Amino acid sequence: MKNNLIKLLSFIAIVSCCACGELLDKQPLDQLTTDLFYKTESDADKAILATYSPMIDVEWIGKGWMITEIPSDNSQAGGTDPDFTPIDNFTVAADNVPVANYWAIHYRQVTLANVVIEKVTGMDIPETAKNVFLAEARFLRAVAYFDLVRVYGGVPLITEAPSLDRELFYPRSSPNEVYELIKADFEFAGQYLPVTRTGSDAGRATKGAALAFLAKVNLTTRDYVAARDIAKSVIDLGVYQLLDDYNDNFELATSDNNEESVFQVQFTGCGPFGTGNAMQAFFAPWGEGITKDRDGWGSQIPTAPILNNPNTTIIDAIKKDDLRRHTSIMLPNAYYPSINSGDGGYTYPSRGASAVSANIKKYVVGSGSNICFMSTPQNAHVIRYSDVLLTYAEAIMIIQGGVASDPAALDAFNQVRTRAGLPAVTSFDADDMLQERRAEFAFEGHRWFDLLRSGKTVEIMTLHGKNLDDHNLLFPIPSSEIEVNPKLEQNPGY
C-alpha cells in the first residue's frame with residue numbers, strides 16, 4: 001500500500017468532487033466527474049485508497065497524541081504551547097485548535113467513506129467485489145466514529161454522501177446510536193474483508209483488523225461476552241503472533257506490516273508533505289540533532305517524578321527490568337545503535353534533554369535517505385496483536401468477576417508479560433490489566449481511552465496531580481462547528 005500512496009493523493013479530489021453533485025453539462029477532457037468515474041472495479045479501488053488519506057494527514061496520526069496521550073498520566077507538554085498545554089491542564093476551551101482539527105479530520109474520513117459507500121452501491125460490478133469495497137469503506141467510517149464518540153460523546157451520525165439537495169446540518173446522536181453504527185460497520189467489514197493482504201495491498205483493512213476493532217468496541221460498551229468471543233476469533237485466524245523482540249515493532253527495518261501488526265497507518269517518507277509519519281518531529285528531543293533537519297521539538301515528553309506526583313508517572317510504571325522501558329523512553333546514557341547508525345548510533349545525554357531528563361523513544365528513528373522534515377517512512381501502529389490478546393484477557397477477567405485465573409486468559413496475558421521479560425502471573429485483576437496496557441502501549445494513543453474505560457479517570461488523574469472532574473472526560477464540541485451548525489449542542493461544562 002505504501003507504493004499506492006502517491007497515486008492515492010491524486011484521487012482525493014476525485015472522490016471529494018463526487019460528493020458535490022453535477023457540476024457542468026460539459027466537462028474538459030482532463031477532468032473526472034461523477035458521470036465519468038465509478039464505472040469499473042479499478043475506479044472503486046482508487047476511491048477506497050483515497051479514503052485512507054485522512055489517517056495519513058498530520059492532524060490524525062501526526063498530532064493525534066495531543067488528544068489521546070497528553071490528557072493522560074503518560075505524557076505532558078514539553079513546553080508551554082497555547083494549543084495543547086490547556087489539554088494537559090484540563091483547561092481546554094471550545095475554540096482549541098487541536099480539538100477542532102481532530103473533529104475535522106475524522107469527519108473528513110466519514111465523508112469520503114460515505115461517498116464511496118453510496119457510489120459503489122450503485123455500480124454495475126460483481127457482487128463479491130462490491131461487498132469487499134463496501135466493507136473497506138465501512139471499516140474506515142467505523143474507525144473514525146470510534147474515535148469521535150470516545151472523544152466528544154454523542155456526535156452527528158452522518159451516513160449519506162453530502163449533496164446540496166440533502167440535509168447539511170445534523171444534530172448530535174446519542175453515544176448508543178453511534179456505537180450501533182460502529183458495530184454494524186465492523187461486523188459487515190469482518191464478514192467481507194479478506195483475511196490477508198499482500199503485495200501493494202499490504203496494510204489495507206482485513207478481516208482480522210475489523211474484528212479486532214469490533215472486540216475493542218464491545219469492550220468499551222461493556223458487552224464483555226461479545227468482546228471475548230470476537231477477540232478469540234481473531235486469535236483463531238492464526239494470522240498474527242507476537243514478535244520475539246518487542247523493540248522490533250519500532251525499528252524501521254522490522255516495524256512495518258509485520259506478523260504482530262493487525263492494522264497500521266501506512267507512510268512513505270520523503271514524498272509530498274503529509275505522506276510521511278510526523279511523530280518523530282514532535283517526539284525527538286530538542287537540540288539533539290537526531291533528525292538532522294529542522295524538526296525534533298520534544299513537544300510531548302514522558303511524565304516523571306521530577307515534575308509529577310511520584311508513583312503515578314510512566315517512568316514509575318515501566319519498571320527497570322521491563323524490556324519495553326528502553327524502547328519507549330529515552331533515559332540518561334541510554335544507547336540506541338539503530339538511530340543514525342552511520343554515526344555510531346545515538347546516546348541520550350546524561351544531563352537529559354527535557355524538563356524531566358527523559359524523552360519519548362517510540363517513532364524516533366533518526367535521519368536517513370527517506371527521512372525528511374516532519375516525515376519518516378515508519379508506519380504507525382493502530383492495533384497490534386498484543387492488544388487483541390489483552391482485550392481477550394480483560395473481557396474474561398471482567399466476566400469472572402474482576403479477577404482472572406482462567407487458563408486461557410492467563411495465557412493471553414502472560415504472552416505479553418513474558419515477551420517483556422517479566423515473570424508470568426497466576427492471576428490478575430483490573431489494576432494489573434491497566435498497568436500492563438500502560439506499559440505495552442505507552443505513547444501509542446491508547447492510554448486516555450484505557451483510563452476512560454476503567455471508570456477511574458478522575459481518581460487516577462487527581463492522584464497524578466491534575467485538577468479535573470467528570471465534565472473533563474469529554475472534550476468540547478469545537479466552537480467553529482457550533483457556529484455553522486445550529487443543531488449542535490455543547491458538552492456540559494464548556
# chains A, B, ... in the order shown; residues from 1 in each chain; ligands from 1

$ select_by_dssp --residues "range 82-261 of chain A" --states "alpha helix (DSSP H)" --output "PyMOL selection string"
chain A and resi 85-89+97-121+127-152+175-192+207-220+224-236

$ closest_atom_pairs --of "range 192-286 of chain A" --to "range 338-351 of chain A" --cutoff "12 Å" --atoms "only C-alpha atoms" --output "CSV"
residue,atom,partner,partner_atom,distance
A:Asn247,CA,A:Ser338,CA,11.1
A:Asp248,CA,A:Ser338,CA,11.2
A:Phe250,CA,A:Ser338,CA,10.6
A:Glu251,CA,A:Ser338,CA,7.7
A:Leu252,CA,A:Ser338,CA,8.8
A:Ala253,CA,A:Ser338,CA,9.6
A:Thr254,CA,A:Ser338,CA,11.8
A:Gln280,CA,A:Ile339,CA,11.8
A:Ala284,CA,A:Tyr348,CA,10.8
A:Pro285,CA,A:Tyr348,CA,9.1
A:Trp286,CA,A:Tyr348,CA,11.5

$ write_last_selection --atoms "N, CA and C atoms" --output "PDB file, in the first residue's frame"
ATOM      1  N   ASN A 247      11.007  -4.598  20.755  1.00  0.00           N
ATOM      2  CA  ASN A 247      11.631  -3.461  20.093  1.00  0.00           C
ATOM      3  C   ASN A 247      11.477  -3.500  18.578  1.00  0.00           C
ATOM      4  N   ASP A 248      11.334  -4.704  18.009  1.00  0.00           N
ATOM      5  CA  ASP A 248      11.215  -4.817  16.557  1.00  0.00           C
ATOM      6  C   ASP A 248       9.963  -4.139  16.016  1.00  0.00           C
ATOM      7  N   PHE A 250       9.248  -1.223  16.558  1.00  0.00           N
ATOM      8  CA  PHE A 250       9.544   0.200  16.415  1.00  0.00           C
ATOM      9  C   PHE A 250      10.882   0.469  15.738  1.00  0.00           C
ATOM     10  N   GLU A 251      11.425  -0.547  15.088  1.00  0.00           N
ATOM     11  CA  GLU A 251      12.620  -0.385  14.275  1.00  0.00           C
ATOM     12  C   GLU A 251      12.202  -0.273  12.809  1.00  0.00           C
ATOM     13  N   LEU A 252      12.834   0.636  12.071  1.00  0.00           N
ATOM     14  CA  LEU A 252      12.452   0.844  10.672  1.00  0.00           C
ATOM     15  C   LEU A 252      12.490  -0.446   9.859  1.00  0.00           C
ATOM     16  N   ALA A 253      13.466  -1.282  10.115  1.00  0.00           N
ATOM     17  CA  ALA A 253      13.651  -2.477   9.297  1.00  0.00           C
ATOM     18  C   ALA A 253      12.607  -3.554   9.558  1.00  0.00           C
ATOM     19  N   THR A 254      11.930  -3.501  10.704  1.00  0.00           N
ATOM     20  CA  THR A 254      11.065  -4.618  11.099  1.00  0.00           C
ATOM     21  C   THR A 254       9.661  -4.205  11.518  1.00  0.00           C
ATOM     22  N   GLN A 280       8.026  11.600  14.720  1.00  0.00           N
ATOM     23  CA  GLN A 280       9.400  11.858  15.132  1.00  0.00           C
ATOM     24  C   GLN A 280       9.630  13.352  15.344  1.00  0.00           C
ATOM     25  N   ALA A 284      11.102  13.547  19.093  1.00  0.00           N
ATOM     26  CA  ALA A 284      12.559  13.579  19.234  1.00  0.00           C
ATOM     27  C   ALA A 284      12.987  14.737  20.129  1.00  0.00           C
ATOM     28  N   PRO A 285      13.984  14.524  20.987  1.00  0.00           N
ATOM     29  CA  PRO A 285      14.381  15.585  21.918  1.00  0.00           C
ATOM     30  C   PRO A 285      14.904  16.825  21.209  1.00  0.00           C
ATOM     31  N   TRP A 286      14.592  17.966  21.794  1.00  0.00           N
ATOM     32  CA  TRP A 286      15.003  19.260  21.266  1.00  0.00           C
ATOM     33  C   TRP A 286      16.523  19.442  21.393  1.00  0.00           C
TER      34      TRP A 286
END

$ residues_around --residues "range 123-129 of chain A" --least-positions-apart "3" --cutoff "7 Å" --atoms "only C-alpha atoms" --output "JSON, numbers by chain"
{"A": [38, 39, 40, 41, 119, 120, 132, 133]}

$ write_last_selection --atoms "C-alpha atoms" --output "compact mmCIF listing (two decimals), in the first residue's frame"
# COMPACT_ATOMS: atom_id res chain seq x y z
CA TYR A 38 -17.18 4.93 -10.53
CA LYS A 39 -17.56 2.79 -13.63
CA THR A 40 -15.09 -0.04 -13.01
CA GLU A 41 -13.62 -2.04 -10.16
CA LYS A 119 -21.39 5.32 -5.33
CA VAL A 120 -20.14 1.74 -5.12
CA VAL A 132 -15.27 -6.03 -0.38
CA PHE A 133 -15.19 -2.36 -1.41

$ atom_distance --atom1 "CA of Val234 in chain A" --atom2 "CA of Lys207 in chain A"
8.4 Å

$ closest_residue --among "A:Asp185, A:Glu440, A:Glu59, A:Asp83" --to "Ile117 in chain A" --atoms "only C-alpha atoms"
A:Asp185

$ closest_atom_pairs --of "range 345-371 of chain A" --to "range 379-392 of chain A" --cutoff "12 Å" --atoms "only C-alpha atoms" --output "CSV"
residue,atom,partner,partner_atom,distance
A:Lys362,CA,A:Ala380,CA,10.1
A:Tyr363,CA,A:Ala380,CA,8.1
A:Val364,CA,A:Ala380,CA,11.7
A:Val365,CA,A:Asn379,CA,11.7

$ write_last_selection --atoms "C-alpha atoms" --output "compact mmCIF listing (two decimals), in the first residue's frame"
# COMPACT_ATOMS: atom_id res chain seq x y z
CA LYS A 362 8.92 5.31 20.08
CA TYR A 363 8.81 6.53 16.47
CA VAL A 364 12.16 8.30 16.84
CA VAL A 365 14.34 6.70 14.16

$ select_by_dssp --residues "range 327-394 of chain A" --states "strand (DSSP E or B)" --output "mmCIF file with N, CA and C atoms, in the first residue's frame"
data_model
loop_
_atom_site.group_PDB
_atom_site.id
_atom_site.type_symbol
_atom_site.label_atom_id
_atom_site.label_comp_id
_atom_site.auth_asym_id
_atom_site.auth_seq_id
_atom_site.Cartn_x
_atom_site.Cartn_y
_atom_site.Cartn_z
ATOM 1 N N ILE A 329 11.077 4.868 26.289
ATOM 2 C CA ILE A 329 11.524 6.106 26.930
ATOM 3 C C ILE A 329 13.039 6.241 26.835
ATOM 4 N N MET A 330 13.488 7.400 26.377
ATOM 5 C CA MET A 330 14.914 7.724 26.415
ATOM 6 C C MET A 330 15.260 8.252 27.801
ATOM 7 N N TYR A 335 21.624 3.990 25.098
ATOM 8 C CA TYR A 335 22.279 3.925 23.790
ATOM 9 C C TYR A 335 21.349 3.241 22.793
ATOM 10 N N TYR A 336 21.231 3.833 21.591
ATOM 11 C CA TYR A 336 20.366 3.309 20.537
ATOM 12 C C TYR A 336 21.194 3.137 19.266
ATOM 13 N N TYR A 346 23.210 6.540 18.666
ATOM 14 C CA TYR A 346 22.894 7.740 19.455
ATOM 15 C C TYR A 346 22.818 7.379 20.935
ATOM 16 N N THR A 347 23.442 8.203 21.762
ATOM 17 C CA THR A 347 23.359 8.042 23.213
ATOM 18 C C THR A 347 22.654 9.258 23.800
ATOM 19 N N ASN A 359 12.901 11.586 27.312
ATOM 20 C CA ASN A 359 12.107 11.855 26.115
ATOM 21 C C ASN A 359 11.487 10.567 25.614
ATOM 22 N N ILE A 360 10.546 10.699 24.702
ATOM 23 C CA ILE A 360 9.893 9.538 24.104
ATOM 24 C C ILE A 360 10.819 8.931 23.054
ATOM 25 N N CYS A 372 12.688 12.996 5.945
ATOM 26 C CA CYS A 372 12.749 14.424 5.660
ATOM 27 C C CYS A 372 12.077 15.194 6.797
ATOM 28 N N SER A 375 8.778 13.935 8.502
ATOM 29 C CA SER A 375 8.409 12.821 7.635
ATOM 30 C C SER A 375 9.380 11.662 7.778
ATOM 31 N N THR A 376 8.867 10.523 8.266
ATOM 32 C CA THR A 376 9.617 9.266 8.204
ATOM 33 C C THR A 376 8.725 8.237 7.517
ATOM 34 N N ALA A 380 2.522 3.687 11.423
ATOM 35 C CA ALA A 380 2.048 3.925 12.788
ATOM 36 C C ALA A 380 1.113 2.798 13.203
ATOM 37 N N HIS A 381 1.400 2.185 14.339
ATOM 38 C CA HIS A 381 0.546 1.111 14.844
ATOM 39 C C HIS A 381 -0.789 1.682 15.330
ATOM 40 N N VAL A 382 -1.859 1.031 14.959
ATOM 41 C CA VAL A 382 -3.182 1.342 15.494
ATOM 42 C C VAL A 382 -3.647 0.190 16.379
ATOM 43 N N ILE A 383 -3.556 -1.024 15.866
ATOM 44 C CA ILE A 383 -3.820 -2.214 16.683
ATOM 45 C C ILE A 383 -2.720 -3.231 16.429
ATOM 46 N N ARG A 384 -2.045 -3.629 17.507
ATOM 47 C CA ARG A 384 -1.101 -4.739 17.436
ATOM 48 C C ARG A 384 -1.742 -5.989 18.046
#

$ residues_around --residues "range 461-466 of chain A" --least-positions-apart "6" --cutoff "7 Å" --atoms "only C-alpha atoms" --output "PyMOL selection string"
chain A and resi 73+89+308-309+312

$ write_last_selection --atoms "C-alpha atoms" --output "PDB file, in the first residue's frame"
ATOM      1  CA  ASP A  73      -0.806  10.319  33.046  1.00  0.00           C
ATOM      2  CA  ASN A  89      -4.007  21.011  32.348  1.00  0.00           C
ATOM      3  CA  ASN A 308       4.645  14.960  38.624  1.00  0.00           C
ATOM      4  CA  ASN A 309       3.481  13.116  41.704  1.00  0.00           C
ATOM      5  CA  THR A 312       1.937   7.906  39.201  1.00  0.00           C
TER       6      THR A 312
END

$ closest_residue --among "A:Val178, A:Val97, A:Ala304, A:Ala317" --to "Val155 in chain A" --atoms "only C-alpha atoms"
A:Val178

$ atom_distance --atom1 "CA of Ile230 in chain A" --atom2 "CA of Tyr192 in chain A"
15.5 Å
